[in-house]
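Chemist: One structure is given below, represented as structure tokens, and several questions about it will come after.
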Amino acid sequence: MIRSTRNTRRPIRRRPPPQRRRRTSYSTPKKRPNPRKKSGFPFKLRWLILIIGFIILSYHVISLDIKVRKQFEGKRWSLPARVYARPLEIYTGMRLTTQALKEELQALGYRKGSTNSPGKYNTRNNNIVQIKTRAFKFWEATDPSRLVKISFSGNEVQSITELEPTRKVALLRLPPKLIGKIYPTHNEDRIVVRLQNIPQSLINALIAMEDRHFYNHMGISIRGIARAIITNLKGGQIQGGSTITQQLVKNLYLTSERTLKRKFNEAIMALLLEWHYSKNQILEAYFNEVFLGQDGNRAIHGVGMAARFYFNRPLEELKLHQVALLVSLIRGASMYNPRRHPKRALARRNLVLDTMSKLGKISPMEARRAKKTRFDIEKSTAESKFPYPAFMGLVRSQLHTDYRKEDLRADGKKQVLDLSDGLRIITTLDPFLQKKGEQTMMNSLKKLSRKRRKSRNIEGAMVVTRCDNGEVVAFINGKKPKYDGFNRPLNAKRQIGSLVKVAVYLAALERGSYSLTSRISDYPYKWVDRYSGTVWKPQNYDHRSHGSVYLYRALANSYNLATVRLGRKLGLETFHKTLIRLGLTRELKRIYPSMLLGSLSLTPLEVAQLYQTIASGGFHVPVHAIRDVLTHEGKPLQRYALSMEKRFDPAAIFLLNFAMQQAVRNGTGRKISKTLPKHMVFAGKTGTSNDLRDSWFAGFGSEFSTVTWVGRDDNKPMGLSGGSGAMVVWRNFIRAINPQAVKPIEPSGIRWRTINGINIPYKTN
């Protein structure tokens, strides 16, 4: 097929130009819409977006402002409650050795040297101690720092003299030892300090290293913010350049995330902080908030706590080289930790000193001298490891008991204890007696565990109180008293055995029909439970009956049969009421005759309360571990005034006391008492539970009442009675402390008669 070569494309048709209409004189031209000109609605939307954005920004700023002011003006930090031992009160004629005073001063963080600054002491000729005391705010007043001289004569204080100005002092009270803390949930630890108490060298060092233009800006550094934005746009992390105000904002209000949003909020809040508060207020808050170290799970915040943590001294006593070390830790507390990285910390500290010298804050000579000085870091952190966990448990228990939510104050408002308010709790603990008690317990249990195979795993507990006021001065928990484990003196509920017998004999002596020389029956006894048919036939420890015996001999020798017969004659209800009057608070659902011999279980602390009433002459004095509770500023919150209630006739208590003295001298404790000085007059009672599972002894003189328990934690027999176990521990403790123990004051209405060569008191009608 032959294709045509003719061009088949169609010709292009061109449209004719549009005909223009002629404009007449009577026609109005119509305006054509301009396609380039936008409508009015998008223009209004733009203003609407700007207004909404402004409202949102304003709301955000206002909310940040509320947040800044609320926390800065309110409760900024949760502070741990600081618990102190009793303050050492020294007076003329006091029994105290030079060595004991030196140990007390060292425990308080005092250093031997020239007494030109607080916290220093020195000795001369081993009979004079010169001390520059530290100030401390007690309940009623603030004791200022004083320079005093204490002269000794043998083991007594001969005189106390204040040297500036020179005058005799009747009583010197040393600030108490910090023995523990009760931490808030987040485990932050700080000591809040005021700006006027912060050394000027520390302020100069901080500004030189962290923010040289602190007093000239309004909270932010434009150069630092620009650098942060540029770094963020390049894809890196937000870098430094923050002012002191910005650092404070980050620590108080924000997280540690490195984002542009957080940096923006930080800048706004810094401006708001500077707007509302002065530079001094911001600086003081920074010094109290800055993170300066970590001790286990405890975070160290603030320069006040850091001074204690690293140097074991108050902030006011720091030297230039120590101040420079604290400031070097701000850049990185872990990186420049002087205990872990001493070379790195030394280089950073010297940089701080050189910078201060360069800026004229210190002289070059001061910088060179400080750079040659060692860190003076304490090897052990004195405020992180407290050696009295059992006593601290007692303090917590008493706090939560005394500050219940339903307790009302005098103004009708609820008095609720907040342990995060930085309370200062002054306790009754005597560190000297506590130390002697711990040493005695450890050594005694070690020797006792060698006596019998069953006694290898024995443990112990001891509660020591003052007879006159019920203060717990020592609280010892087992062979490892510094181990924070099971609190035996507070929580170990064990059968008390013959310790309970004092309630039976006291109930009898209160009646006019009984005296110490009354005859009571020690013949075999049988009791049948009418509900279950159970037969109970008690026996004496020596498995013999002793016929008719004097009442005081029955108690001194702890005869079971005589006690049961006497208790049944008096009535179980009378016995129970006597226990309650002695201080028993535990509820007993039913009273059995076996309880007359100690089948009820109590803790050592509860037993101490029973015997405290006897040791106090028949006055019920609550056993307690706290003297005062102060706020962080030292204002009184609660004071535990001496509470005494007369519950027994003093004459009946005096007669019971005599019978218990016979128990120590001629009864169940006669073997041990022969090793004690004859001039010491002690009363006491042994206690032994079934199968020799528990060994008890409660003894008291004119100064201290001591309850001791020995046994196994698994409640298995251990082969030790009250006289061969707990009383041995008590005897060794009495030897160690050498207390005053004189005859009790004889009340009116007491006469004496001689029977078998023994002078025995009796009560006249």
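Chain labels follow the order of the structure tokens: the first chain is A, the next B, and so on; residue numbering restarts at 1 in every chain, and ligands are counted from 1 in their shown order.
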Which residues of stretch 440-517 of chain A come within 12 Å of stretch 661-669 of chain A, and for each one, what is the closest pair of atoms and their distance in Å to one decimal, counting only C-alpha atoms, sorted by chain and residue number, as CSV?
Modeler:
residue,atom,partner,partner_atom,distance
A:Ser498,CA,A:Thr668,CA,11.0
A:Leu499,CA,A:Ala663,CA,11.9
A:Val502,CA,A:Ala663,CA,11.4
A:Leu516,CA,A:Gln662,CA,11.3
Chemist: I'd like the contact shell of A:Gly180 - 7 Å cut-off, only C-alpha atoms, skipping same-chain residues fewer than 4 positions apart - returned as a PyMOL selection string.
Modeler: chain A and resi 82-84+386+392
Chemist: Write out as a count of residues only which residues come within 8 Å of A:Leu676 when counting only C-alpha atoms, dropping same-chain ones fewer than 3 positions away.
Modeler: 5
Chemist: In Å, rounded to a single decimal, give me how far atom CA of A:Pro80 is from atom CA of A:Ile182.
Modeler: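 It comes out at 5.4 Å.
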Chemist: Neighbours of stretch 356-364 of chain A within 8 Å (only C-alpha atoms; same-chain residues fewer than 4 positions away dropped), as a list in words?
Modeler: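 In the requested form, the answer reads Ser201, Asn204, Ala205, Ala208, Val352 and Arg368 of chain A.
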Chemist: Once DSSP has gone over the backbone, tell me which residues of stretch 77-137 of chain A are in strand (DSSP E or B), as a list in words.
Modeler: Leu79, Ala81, Arg82, Val83, Tyr84, Glu89, Ile90, Tyr91, Arg95, Arg111, Lys112, Lys120, Tyr121, Asn122, Thr123, Arg124, Ile128, Val129, Gln130, Ile131, Lys132, Phe136 and Lys137 of chain A
Chemist: Restricting the calculation to only C-alpha atoms, which member of A:Tyr215, A:Phe264, A:Tyr552, A:Phe648 is positioned closest to A:Ile580?
Modeler: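 The answer is A:Phe648, which sits nearest to A:Ile580.
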Chemist: Quick one: everything within 8 Å of A:Lys112, counting only C-alpha atoms, minus sequence neighbours fewer than 4 positions away in the same chain. Send it as a tab-separated table (two decimals) with C-alpha atoms, in the first residue's frame.
Modeler:
chain	number	residue	atom	x	y	z
A	120	LYS	CA	39.28	23.54	120.14
A	121	TYR	CA	40.70	22.25	123.45
A	122	ASN	CA	44.05	21.57	125.09
Chemist: Taking 6 positions as the minimum chain separation for residues in the same chain, which residues sit within 10 Å of stretch 319-334 of chain A when counting only C-alpha atoms? Answer as an mmCIF file with C-alpha atoms, in the first residue's frame.
Modeler:
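As written to disk, around.cif reads:
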data_model
loop_
_atom_site.group_PDB
_atom_site.id
_atom_site.type_symbol
_atom_site.label_atom_id
_atom_site.label_comp_id
_atom_site.auth_asym_id
_atom_site.auth_seq_id
_atom_site.Cartn_x
_atom_site.Cartn_y
_atom_site.Cartn_z
ATOM 1 C CA PRO A 199 32.303 33.021 105.215
ATOM 2 C CA GLN A 200 32.930 35.878 102.797
ATOM 3 C CA SER A 201 35.731 33.882 101.203
ATOM 4 C CA LEU A 202 33.156 31.245 100.187
ATOM 5 C CA ILE A 203 30.910 33.880 98.584
ATOM 6 C CA ASN A 204 33.875 35.349 96.686
ATOM 7 C CA ALA A 205 35.006 31.936 95.487
ATOM 8 C CA LEU A 206 31.549 31.004 94.222
ATOM 9 C CA ILE A 207 31.056 34.213 92.249
ATOM 10 C CA ALA A 208 34.582 34.015 90.813
ATOM 11 C CA MET A 209 34.052 30.497 89.466
ATOM 12 C CA GLU A 210 30.344 30.353 88.612
ATOM 13 C CA VAL A 290 23.615 23.139 95.667
ATOM 14 C CA PHE A 291 24.483 19.421 95.394
ATOM 15 C CA LEU A 292 27.943 18.670 96.795
ATOM 16 C CA GLY A 293 28.230 14.919 97.241
ATOM 17 C CA GLN A 294 26.690 11.506 97.706
ATOM 18 C CA ILE A 300 24.546 15.964 100.399
ATOM 19 C CA GLY A 302 24.167 22.772 100.762
ATOM 20 C CA VAL A 303 27.464 24.082 102.050
ATOM 21 C CA ALA A 306 29.050 19.610 103.086
ATOM 22 C CA ALA A 307 31.266 21.219 105.749
ATOM 23 C CA TYR A 310 33.912 16.479 104.429
ATOM 24 C CA PHE A 311 35.562 18.254 107.372
ATOM 25 C CA ARG A 340 37.981 9.110 95.412
ATOM 26 C CA HIS A 341 39.868 11.425 93.050
ATOM 27 C CA ALA A 345 40.196 17.502 93.223
ATOM 28 C CA LEU A 346 43.544 19.098 94.078
ATOM 29 C CA ALA A 347 43.922 20.539 90.582
ATOM 30 C CA ARG A 348 40.391 21.935 90.631
ATOM 31 C CA ARG A 349 40.838 23.417 94.125
ATOM 32 C CA ASN A 350 44.080 25.135 93.069
ATOM 33 C CA LEU A 351 42.302 26.541 90.002
ATOM 34 C CA VAL A 352 39.735 28.115 92.315
ATOM 35 C CA LEU A 353 42.496 29.677 94.403
ATOM 36 C CA MET A 356 40.384 34.242 93.210
ATOM 37 C CA ILE A 362 42.770 37.034 97.808
ATOM 38 C CA GLU A 366 47.309 33.649 100.468
ATOM 39 C CA ALA A 367 46.756 31.579 97.344
ATOM 40 C CA ARG A 369 49.862 29.257 101.221
ATOM 41 C CA ALA A 370 46.450 27.663 100.703
ATOM 42 C CA LYS A 371 47.673 25.589 97.738
ATOM 43 C CA LYS A 372 50.377 24.059 99.925
ATOM 44 C CA THR A 373 47.817 22.987 102.572
ATOM 45 C CA ARG A 374 46.374 19.485 102.639
ATOM 46 C CA PHE A 375 42.653 18.846 102.227
ATOM 47 C CA ASP A 376 42.064 18.082 105.948
ATOM 48 C CA ILE A 377 39.332 15.674 104.870
#
Chemist: Pick from A:Met441, A:Ile758, A:Leu195, A:Leu273: nearest to A:Lys67, with only C-alpha atoms counted?
Modeler: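 Among A:Met441, A:Ile758, A:Leu195, A:Leu273, it is A:Leu273 that comes nearest to A:Lys67.
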Chemist: Looking only at helix (DSSP H, G or I) from DSSP on the backbone, list the matching residues of stretch 98-185 of chain A as a list in words.
Modeler: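 Helix (DSSP H, G or I) assignments inside stretch 98-185 of chain A correspond to Thr98, Gln99, Ala100, Leu101, Lys102, Glu103, Glu104, Leu105, Gln106 and Ala107 of chain A.
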Chemist: Can you work out the spacing between atom CA of A:Glu274 and atom CA of A:Leu260 in Å, to one decimal?
Modeler: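 Here the two named atoms are 21.2 Å from each other.
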Chemist: Distance table requested - stretch 320-411 of chain A against stretch 588-607 of chain A, cut-off 12 Å, only C-alpha atoms: one row per qualifying residue with the closest atom pair and its distance in Å to one decimal, ordered by chain and rising residue number, as CSV.
Modeler:
residue,atom,partner,partner_atom,distance
A:Ala390,CA,A:Leu605,CA,11.7
A:Phe391,CA,A:Leu605,CA,11.3
A:Leu394,CA,A:Leu605,CA,9.5
A:Ser397,CA,A:Leu605,CA,11.9
Chemist: Could you turn the residues from that selection into a file that holds C-alpha atoms, as a PDB file, in the first residue's frame?
Modeler:
ATOM      1  CA  ALA A 390      18.420   0.549 118.710  1.00  0.00           C
ATOM      2  CA  PHE A 391      18.086   3.820 120.615  1.00  0.00           C
ATOM      3  CA  LEU A 394      13.103   3.932 120.583  1.00  0.00           C
ATOM      4  CA  SER A 397       8.597   4.904 118.520  1.00  0.00           C
TER       5      SER A 397
END
